[in-house]
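Next comes target.csv, a file with CSV, C-alpha atoms.
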chain,number,residue,atom,x,y,z
A,1,MET,CA,95.4,75.2,108.6
A,2,ASP,CA,95.7,76.7,112.1
A,3,LEU,CA,97.9,79.5,113.3
A,4,ASP,CA,100.6,77.3,114.7
A,5,GLU,CA,101.1,75.5,111.4
A,6,ILE,CA,101.1,78.9,109.7
A,7,LYS,CA,103.8,80.0,112.2
A,8,ASN,CA,106.0,77.1,111.1
A,9,GLN,CA,105.7,78.1,107.5
A,10,TRP,CA,106.4,81.7,108.5
A,11,SER,CA,109.6,80.8,110.2
A,12,GLU,CA,110.7,78.9,107.0
A,13,LEU,CA,109.8,82.0,105.0
A,14,SER,CA,111.8,84.2,107.4
A,15,GLN,CA,114.9,82.1,107.0
A,16,ARG,CA,114.7,82.6,103.2
A,17,VAL,CA,114.1,86.4,103.6
A,18,ASP,CA,117.2,86.7,105.8
A,19,THR,CA,119.3,85.5,102.9
A,20,LEU,CA,118.0,88.0,100.4
A,21,GLU,CA,120.1,91.0,99.3
A,22,LEU,CA,117.2,93.5,99.8
A,23,ILE,CA,119.1,96.8,100.4
A,24,ASN,CA,122.7,97.8,100.8
A,25,LYS,CA,124.3,100.6,102.8
A,26,SER,CA,124.7,103.0,99.9
A,27,GLN,CA,121.0,102.6,99.0
A,28,VAL,CA,120.1,103.5,102.6
A,29,MET,CA,122.4,106.6,102.4
A,30,GLU,CA,120.6,107.7,99.2
A,31,ILE,CA,117.2,107.4,100.8
A,32,THR,CA,118.2,109.6,103.8
A,33,LYS,CA,118.9,112.4,101.3
A,34,GLU,CA,115.4,112.4,100.0
A,35,LYS,CA,112.9,115.2,100.6
A,36,TYR,CA,109.6,114.6,102.3
A,37,LYS,CA,106.4,116.2,101.2
A,38,SER,CA,103.7,115.9,103.9
A,39,LYS,CA,100.2,116.7,102.9
A,40,PHE,CA,99.6,117.9,106.4
A,41,SER,CA,102.5,120.3,106.2
A,42,CYS,CA,101.1,121.5,102.9
A,43,VAL,CA,97.7,122.3,104.5
A,44,GLN,CA,99.6,124.1,107.4
A,45,ARG,CA,101.6,126.2,104.9
A,46,TYR,CA,98.4,127.3,103.2
A,47,GLU,CA,96.7,128.1,106.5
A,48,GLY,CA,99.9,129.9,107.7
A,49,ALA,CA,99.9,132.1,104.6
A,50,GLY,CA,96.2,132.8,105.1
A,51,ALA,CA,96.8,133.7,108.7
A,52,ILE,CA,99.5,136.3,107.7
A,53,VAL,CA,97.0,137.9,105.3
A,54,CYS,CA,94.4,137.9,108.0
A,55,PHE,CA,96.8,139.5,110.5
A,56,ILE,CA,97.9,142.2,108.0
A,57,MET,CA,94.2,143.0,107.4
A,58,ALA,CA,93.6,143.2,111.1
A,59,ILE,CA,96.5,145.7,111.5
A,60,VAL,CA,95.1,147.8,108.7
A,61,ILE,CA,91.7,148.0,110.4
A,62,LEU,CA,93.3,148.8,113.8
A,63,LEU,CA,95.4,151.6,112.3
A,64,ASN,CA,92.3,153.1,110.6
A,65,PHE,CA,89.8,152.6,113.3
A,66,HIS,CA,89.7,156.4,113.9
A,67,LYS,CA,88.3,156.9,110.4
A,68,PHE,CA,85.0,155.1,111.2
A,69,ASP,CA,82.1,157.4,111.7
A,70,ILE,CA,79.0,155.2,111.2
A,71,TRP,CA,77.8,152.7,113.9
A,72,TYR,CA,77.9,149.6,111.6
A,73,GLU,CA,81.5,150.4,110.7
A,74,TYR,CA,82.5,150.2,114.4
A,75,VAL,CA,80.4,147.1,115.0
A,76,GLY,CA,81.7,145.4,111.7
A,77,GLY,CA,85.2,146.5,112.5
A,78,GLY,CA,85.1,144.9,115.9
A,79,VAL,CA,83.6,141.7,114.6
A,80,LEU,CA,86.0,141.5,111.7
A,81,LEU,CA,89.0,142.1,114.0
A,82,PHE,CA,87.9,139.3,116.2
A,83,LEU,CA,87.4,136.9,113.2
A,84,LEU,CA,90.7,137.9,111.6
A,85,ILE,CA,92.7,137.2,114.7
A,86,ALA,CA,90.8,134.4,116.4
A,87,MET,CA,90.0,132.1,113.4
A,88,PRO,CA,93.6,131.7,112.1
A,89,LEU,CA,94.9,131.2,115.6
A,90,PHE,CA,92.2,128.5,116.2
A,91,VAL,CA,92.9,126.8,112.9
A,92,LEU,CA,96.7,126.8,113.3
A,93,THR,CA,96.6,125.7,116.9
A,94,THR,CA,94.3,122.8,115.9
A,95,LEU,CA,96.5,121.8,113.0
A,96,GLN,CA,99.6,121.9,115.1
A,97,ARG,CA,98.0,119.8,117.8
A,98,THR,CA,96.7,117.2,115.3
A,99,LYS,CA,100.1,117.0,113.7
A,100,GLY,CA,101.7,116.4,117.1
A,101,VAL,CA,99.3,113.5,117.6
A,102,ILE,CA,100.5,111.7,114.4
A,103,ASP,CA,103.8,110.5,115.9
A,104,TYR,CA,105.1,107.5,114.0
A,105,ASN,CA,107.1,106.5,117.1
A,106,LYS,CA,103.9,105.7,118.9
A,107,GLY,CA,101.8,102.5,118.5
A,108,VAL,CA,99.0,102.5,116.0
A,109,GLY,CA,96.4,102.2,118.8
A,110,GLU,CA,97.8,105.1,120.7
A,111,ILE,CA,97.8,107.4,117.6
A,112,ALA,CA,94.2,106.4,116.8
A,113,LYS,CA,93.0,107.1,120.3
A,114,ALA,CA,94.7,110.5,120.4
A,115,PHE,CA,93.5,111.4,116.9
A,116,ALA,CA,89.9,110.4,117.9
A,117,LYS,CA,90.1,113.2,120.5
A,118,GLU,CA,91.5,115.8,118.2
A,119,LYS,CA,89.1,114.8,115.4
A,120,LYS,CA,86.2,116.7,117.2
A,121,GLN,CA,88.1,120.0,117.1
A,122,LEU,CA,89.2,119.4,113.5
A,123,ILE,CA,85.6,118.8,112.5
A,124,LEU,CA,84.6,122.0,114.4
A,125,VAL,CA,87.2,123.9,112.4
A,126,GLN,CA,85.7,122.5,109.2
A,127,LYS,CA,82.2,123.4,110.1
A,128,LEU,CA,82.9,126.9,111.3
A,129,SER,CA,85.3,127.9,108.5
A,130,ILE,CA,82.6,128.3,105.7
A,131,PRO,CA,80.0,130.5,107.6
A,132,PHE,CA,82.8,132.5,109.3
A,133,THR,CA,84.4,133.2,106.0
A,134,VAL,CA,81.1,134.4,104.6
A,135,ILE,CA,80.5,136.6,107.7
A,136,ALA,CA,84.0,138.0,107.4
A,137,PHE,CA,83.6,138.8,103.7
A,138,VAL,CA,80.2,140.5,104.2
A,139,THR,CA,81.5,142.4,107.2
A,140,ALA,CA,84.6,143.5,105.4
A,141,LEU,CA,82.7,145.4,102.7
A,142,PRO,CA,81.4,148.3,104.8
A,143,VAL,CA,84.5,148.2,107.1
A,144,PHE,CA,87.0,148.6,104.3
A,145,SER,CA,84.8,151.2,102.7
A,146,GLY,CA,85.2,153.1,105.9
A,147,VAL,CA,89.0,152.4,106.0
A,148,PHE,CA,89.5,153.8,102.5
A,149,ASP,CA,87.2,156.9,103.2
A,150,ASN,CA,84.7,155.9,100.7
A,151,GLY,CA,81.8,157.1,102.8
A,152,ASP,CA,78.6,155.2,103.6
A,153,PHE,CA,78.9,151.8,101.9
A,154,PHE,CA,75.1,151.2,101.6
A,155,GLU,CA,74.5,154.7,100.0
A,156,ARG,CA,76.9,153.8,97.2
A,157,MET,CA,75.4,150.4,96.5
A,158,ASP,CA,74.3,150.0,92.9
A,159,ALA,CA,73.6,147.1,90.5
A,160,TYR,CA,77.2,146.9,89.3
A,161,LEU,CA,78.6,146.9,92.8
A,162,LEU,CA,76.0,144.4,94.0
A,163,GLY,CA,76.9,142.1,91.0
A,164,THR,CA,80.6,142.3,91.7
A,165,ILE,CA,80.1,141.5,95.4
A,166,SER,CA,77.8,138.5,94.5
A,167,VAL,CA,80.4,137.0,92.1
A,168,THR,CA,83.2,137.5,94.7
A,169,LEU,CA,81.0,136.0,97.4
A,170,VAL,CA,80.4,132.9,95.2
A,171,LEU,CA,84.2,132.6,94.7
A,172,VAL,CA,84.9,133.0,98.4
A,173,ILE,CA,82.4,130.2,99.2
A,174,ALA,CA,83.9,128.0,96.5
A,175,VAL,CA,87.4,128.4,97.9
A,176,SER,CA,86.1,127.7,101.4
A,177,ILE,CA,84.4,124.5,100.2
A,178,LEU,CA,87.7,123.4,98.6
A,179,GLY,CA,89.4,123.9,101.9
A,180,TYR,CA,86.7,122.0,103.7
A,181,LYS,CA,87.2,119.1,101.3
A,182,LYS,CA,90.9,119.0,101.9
A,183,TYR,CA,90.2,118.7,105.7
A,184,THR,CA,87.6,116.0,105.0
A,185,ARG,CA,90.2,114.0,103.0
A,186,ILE,CA,92.8,114.2,105.8
A,187,ILE,CA,90.2,113.1,108.4
A,188,ALA,CA,89.0,110.3,106.1
A,189,ARG,CA,92.5,108.8,105.9
A,190,ALA,CA,92.9,108.8,109.6
A,191,GLU,CA,89.4,107.4,110.0
A,192,VAL,CA,90.7,104.0,108.7
A,193,LEU,CA,92.6,103.7,112.0
A,194,ILE,CA,89.9,105.1,114.2
A,195,ASP,CA,87.2,102.7,112.8
A,196,GLU,CA,89.4,99.7,113.4
A,197,ILE,CA,90.3,100.5,117.0
A,198,LYS,CA,86.6,100.4,117.8
A,199,ASP,CA,86.5,96.7,117.0
B,1,MET,CA,124.9,108.8,112.5
B,2,LYS,CA,124.0,107.9,108.9
B,3,GLU,CA,126.5,105.0,108.9
B,4,GLU,CA,125.0,103.7,112.1
B,5,PHE,CA,121.5,104.0,110.7
B,6,ALA,CA,122.5,102.3,107.4
B,7,ASP,CA,123.9,99.4,109.4
B,8,LEU,CA,120.7,99.1,111.4
B,9,ILE,CA,118.6,99.0,108.2
B,10,VAL,CA,120.7,96.4,106.5
B,11,GLN,CA,120.6,94.3,109.7
B,12,HIS,CA,116.8,94.5,110.0
B,13,LYS,CA,115.9,94.6,106.3
B,14,ALA,CA,113.8,91.4,106.7
B,15,LEU,CA,111.5,93.2,109.1
B,16,ILE,CA,110.9,96.1,106.7
B,17,TYR,CA,110.4,93.6,103.8
B,18,LYS,CA,107.7,91.6,105.7
B,19,VAL,CA,105.8,94.8,106.6
B,20,SER,CA,106.0,96.1,103.0
B,21,LYS,CA,104.9,92.8,101.6
B,22,LEU,CA,101.9,92.5,103.9
B,23,TYR,CA,100.5,95.9,103.2
B,24,THR,CA,100.9,96.0,99.4
B,25,ASN,CA,99.6,94.0,96.4
B,26,THR,CA,102.1,94.7,93.7
B,27,LEU,CA,105.8,94.5,93.5
B,28,GLU,CA,106.1,98.2,92.6
B,29,ASP,CA,104.0,99.3,95.6
B,30,GLU,CA,106.1,96.9,97.8
B,31,GLN,CA,109.3,98.5,96.6
B,32,ASP,CA,107.9,102.0,97.2
B,33,LEU,CA,106.6,101.1,100.7
B,34,PHE,CA,110.0,99.5,101.6
B,35,GLN,CA,111.7,102.7,100.7
B,36,GLU,CA,109.1,104.9,102.4
B,37,ILE,CA,109.5,102.9,105.6
B,38,VAL,CA,113.3,103.3,105.5
B,39,PHE,CA,112.8,107.1,105.0
B,40,GLN,CA,110.3,107.4,107.8
B,41,LEU,CA,112.7,105.4,110.1
B,42,TRP,CA,115.5,107.9,109.2
B,43,LYS,CA,113.2,110.8,109.9
B,44,SER,CA,112.3,109.3,113.3
B,45,TYR,CA,115.8,108.0,114.1
B,46,SER,CA,117.0,111.2,115.9
B,47,SER,CA,113.9,111.0,118.2
B,48,PHE,CA,114.4,107.4,119.1
B,49,LYS,CA,115.5,107.5,122.7
B,50,GLY,CA,116.2,103.8,123.2
B,51,GLU,CA,113.4,103.4,125.7
B,52,ALA,CA,111.9,100.6,123.6
B,53,LYS,CA,113.7,97.8,121.8
B,54,ILE,CA,115.0,98.8,118.4
B,55,THR,CA,112.8,96.3,116.7
B,56,THR,CA,109.7,97.6,118.7
B,57,TRP,CA,110.4,101.1,117.3
B,58,MET,CA,111.1,99.8,113.8
B,59,TYR,CA,107.8,97.8,113.8
B,60,ARG,CA,105.9,100.9,115.0
B,61,VAL,CA,107.3,103.2,112.4
B,62,GLY,CA,106.9,100.6,109.7
B,63,MET,CA,103.3,99.8,110.4
B,64,ASN,CA,102.3,103.5,110.8
B,65,THR,CA,103.9,104.2,107.5
B,66,ALA,CA,102.2,101.2,105.9
B,67,ILE,CA,98.8,102.0,107.2
B,68,ALA,CA,99.2,105.7,106.3
B,69,SER,CA,100.2,104.8,102.8
B,70,LEU,CA,97.2,102.6,102.1
B,71,ASN,CA,95.0,105.5,100.9
B,72,LYS,CA,97.8,107.5,99.3
B,73,LYS,CA,98.0,107.6,95.5
B,74,LYS,CA,101.5,109.1,95.4
B,75,ARG,CA,104.6,108.5,97.4
B,76,ALA,CA,105.5,111.1,100.0
B,77,VAL,CA,109.2,110.9,99.1
B,78,SER,CA,110.0,113.0,96.2
B,79,THR,CA,112.7,111.0,94.4
B,80,ILE,CA,113.0,107.3,93.9
B,81,THR,CA,116.1,105.3,94.8
B,82,PRO,CA,115.8,102.1,92.8
B,83,ILE,CA,115.4,99.2,95.1
B,84,GLU,CA,114.9,95.8,93.5
B,85,ILE,CA,113.1,93.4,95.8
B,86,PRO,CA,114.0,89.8,94.7
B,87,ASP,CA,111.5,87.0,94.8
B,88,VAL,CA,111.6,85.1,98.1
B,89,ILE,CA,111.4,81.7,96.4
B,90,ASP,CA,114.5,81.0,94.4
B,91,ASP,CA,114.1,77.2,94.1
B,92,ASN,CA,111.6,75.2,92.1
B,93,SER,CA,109.5,74.1,95.0
B,94,THR,CA,106.0,74.9,93.7
B,95,GLN,CA,104.4,73.5,96.9
B,96,VAL,CA,106.4,75.9,99.1
B,97,GLN,CA,105.5,78.8,96.7
B,98,GLU,CA,101.8,77.9,96.8
B,99,ASN,CA,101.8,77.7,100.6
B,100,ILE,CA,103.5,81.0,101.0
B,101,ASP,CA,101.2,82.7,98.4
B,102,ALA,CA,98.2,81.3,100.2
B,103,LEU,CA,99.5,82.5,103.5
B,104,TYR,CA,100.0,86.0,102.4
B,105,LYS,CA,96.7,86.0,100.6
B,106,ALA,CA,94.9,85.0,103.7
B,107,ILE,CA,96.7,87.5,106.0
B,108,LYS,CA,96.0,90.3,103.5
B,109,ARG,CA,92.3,89.6,103.8
B,110,LEU,CA,92.4,90.7,107.4
B,111,ASN,CA,91.9,94.3,108.3
B,112,VAL,CA,94.9,96.6,108.5
B,113,ILE,CA,95.4,96.3,112.3
B,114,ASP,CA,94.8,92.5,112.4
B,115,ARG,CA,97.4,92.1,109.6
B,116,GLY,CA,100.0,93.9,111.8
B,117,VAL,CA,99.0,91.9,114.9
B,118,THR,CA,99.3,88.6,112.9
B,119,LEU,CA,102.7,89.6,111.5
B,120,LEU,CA,104.0,90.3,115.0
B,121,PHE,CA,102.6,87.0,116.3
B,122,LEU,CA,104.2,85.1,113.5
B,123,GLU,CA,107.4,86.8,114.2
B,124,GLY,CA,107.4,85.3,117.7
B,125,ASN,CA,106.3,88.2,119.8
B,126,SER,CA,104.3,87.7,123.0
B,127,TYR,CA,100.8,89.3,123.4
B,128,LYS,CA,102.5,91.8,125.8
B,129,GLN,CA,105.1,92.7,123.2
B,130,ILE,CA,102.5,93.0,120.5
B,131,GLY,CA,100.5,95.3,122.7
B,132,GLU,CA,103.6,97.5,123.3
B,133,ILE,CA,104.3,97.8,119.6
B,134,MET,CA,100.7,98.4,118.5
B,135,GLY,CA,99.6,100.5,121.5
B,136,TYR,CA,97.0,98.1,122.7
B,137,THR,CA,96.5,96.3,126.0
B,138,GLU,CA,97.6,92.7,126.4
B,139,ASN,CA,93.9,91.7,126.8
B,140,ASN,CA,92.9,93.6,123.6
B,141,VAL,CA,95.6,91.7,121.7
B,142,GLY,CA,94.4,88.4,123.2
B,143,THR,CA,90.8,89.1,122.0
B,144,ARG,CA,92.1,90.1,118.6
B,145,MET,CA,94.2,87.0,118.3
B,146,GLY,CA,91.2,84.8,119.1
B,147,ARG,CA,89.2,86.4,116.3
B,148,ILE,CA,92.2,86.2,113.9
B,149,ARG,CA,92.7,82.5,114.6
B,150,GLU,CA,89.0,81.9,113.6
B,151,LYS,CA,89.3,84.0,110.5
B,152,LEU,CA,92.5,82.4,109.3
B,153,LYS,CA,91.1,79.0,109.8
B,154,GLN,CA,88.2,79.8,107.5
B,155,LEU,CA,90.5,81.5,105.0
B,156,MET,CA,93.1,78.8,104.7
As structure tokens - that is how I would like this structure written.
Amino acid sequence: MDLDEIKNQWSELSQRVDTLELINKSQVMEITKEKYKSKFSCVQRYEGAGAIVCFIMAIVILLNFHKFDIWYEYVGGGVLLFLLIAMPLFVLTTLQRTKGVIDYNKGVGEIAKAFAKEKKQLILVQKLSIPFTVIAFVTALPVFSGVFDNGDFFERMDAYLLGTISVTLVLVIAVSILGYKKYTRIIARAEVLIDEIKD
Amino acid sequence: MKEEFADLIVQHKALIYKVSKLYTNTLEDEQDLFQEIVFQLWKSYSSFKGEAKITTWMYRVGMNTAIASLNKKKRAVSTITPIEIPDVIDDNSTQVQENIDALYKAIKRLNVIDRGVTLLFLEGNSYKQIGEIMGYTENNVGTRMGRIREKLKQLM
């Protein structure tokens, strides 16, 4: 059967569909009252909460910078300040831009093309998030030791402290990997479109 | 605005029905998708500026919703308004039933984009109109249609 024959059958089907009582006005009104849960907004909320925590930590470091007296506290403080401010801004900006691309008023092809561009940055965010989280965690230890006037962090290091830090580091990495997987799932869903536009 | 929107949906219910049917395999998923599309249309309604035809906009939102829902396990809408989608065939014509089943089966074996292109073609849209709705060039639609014709010939 060729497409023109199919078209005839389709028009017959369309006539039947037109006669069906599929939805009435009151049902439409009910639907407009429903609440929407976007997975993308959910990720944005988590990232937003994380960004607030990062900014509070950055303010604490800035207000206590005068307490630092060892070179690695200064260096670590600078690095950590940069990470705590730059990373959340980078992540939130990328998410906002990607969300803006997914506009249901646009054609499938346009969305896929725009998303293919944004995908690069989203993948970069994924890749950078795990090592940067580890760097931030390791840097934060001597820096916050300086902030709370606990003296030279490395002089106080003992087996118990080392064990606690190691366990915490594993947890931090596990949470980062979970976040990474969340991003991967979002990209994988959008990938369906991108792959097919390449045809 | 809600009244106006409700009238629009009732008027173009067949369009939503056809998109829902093409992108789902069970009646339950079909009902969910139908409702999801109505909801997405409502969400986008305020941003519809009337630059495109109302059906162009409805197809765009409908197809984007359908494609986005393909890999979702749960509905994005939090409560369910019961919508009963009746069977299209209400007579005893088994031949018509068989033909329509075979038609849907074949179209559903196309990839998600081609399914949409086929639907728009069967609905009587020109390549140019299909391109506008899907966000492709007219040439791209023509190339796709050539491939779709071949595939459907083999499938039916």
task: Please return, as an NGL selection string, all polymer residues that have at least one atom within 10 Å of the point (95.9, 79.9, 110.7); use only C-alpha atoms and the file's own coordinate frame.
output: (:A and (1-7)) or (:B and (103 or 106-107 or 118 or 148-156))
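Across the model, the gap from CA of Ile52 (chain A) to CA of Ala140 (chain A) is 16.7 Å.
If all atoms listed in the file are the atoms counted, then among A:Phe154, A:Tyr104, A:Tyr180, A:Tyr160 the closest residue to Trp57 (chain B) is A:Tyr104.
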field: region 61-73 of chain A surroundings by only C-alpha atoms, 9 Å radius, close-in-sequence under 2 positions cut, as a PyMOL selection string
entry: chain A and resi 56-59+75-78+80-81+139+142-149+151-152
Selection: 10 Å around region 10-20 of chain B, only C-alpha atoms, excl. self and same-chain fewer than 4 positions, as a PyMOL selection string: (chain A and resi 13-25+27-28) or (chain B and resi 5-6+24-25+27+29-38+54-55+58-59+61-63+65-66+85+115-116+119-120+123)
- request: Using all atoms listed in the file, find the one residue out of B:Glu98, B:Tyr136, B:Leu22, B:Glu51 that sits nearest to Asn111 (chain B).
  value: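 For Asn111 (chain B), the nearest of the given residues is B:Leu22.
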For Leu122 (chain B), the closest of B:Met145, B:Asn139, B:Ser44, B:Thr26 counting all atoms listed in the file is B:Met145
inquiry  = Applying 10 Å and all atoms listed in the file, which residues near Val134 (chain A) remain after dropping the ones on its own chain fewer than 4 positions away? List them as number ranges by chain.
reply    = A: 129-130, 138-140, 169-170, 172-173, 176
One number please: CA of Glu110 (chain A) to CA of Asp114 (chain B), in Å, one decimal.
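Computing it gives 15.4 Å between the two atoms.
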* **Atomic separation - CA of Ala51 (chain A) relative to CA of Pro88 (chain A), Å** =>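 Distance reported for this atom pair: 5.1 Å.
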Checklist entry - Counting only C-alpha atoms, which of A:Ala114, A:Val60, A:Val79, A:Leu122 gets nearest to chain B? => result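 Under the stated criterion, the closest residue is A:Ala114.
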Within 10 Å of Tyr183 (chain A), counting only C-alpha atoms, which residues show up once you throw out same-chain ones fewer than 3 positions away? Write them as a JSON list (two decimals) with C-alpha atoms, keeping the file's coordinate frame, please.
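around.json was written with the following content:
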[["chain", "number", "residue", "atom", "x", "y", "z"],
["A", 40, "PHE", "CA", 99.60, 117.90, 106.40],
["A", 43, "VAL", "CA", 97.70, 122.30, 104.50],
["A", 122, "LEU", "CA", 89.20, 119.40, 113.50],
["A", 123, "ILE", "CA", 85.60, 118.80, 112.50],
["A", 125, "VAL", "CA", 87.20, 123.90, 112.40],
["A", 126, "GLN", "CA", 85.70, 122.50, 109.20],
["A", 177, "ILE", "CA", 84.40, 124.50, 100.20],
["A", 178, "LEU", "CA", 87.70, 123.40, 98.60],
["A", 179, "GLY", "CA", 89.40, 123.90, 101.90],
["A", 180, "TYR", "CA", 86.70, 122.00, 103.70],
["A", 186, "ILE", "CA", 92.80, 114.20, 105.80],
["A", 187, "ILE", "CA", 90.20, 113.10, 108.40],
["A", 188, "ALA", "CA", 89.00, 110.30, 106.10]]
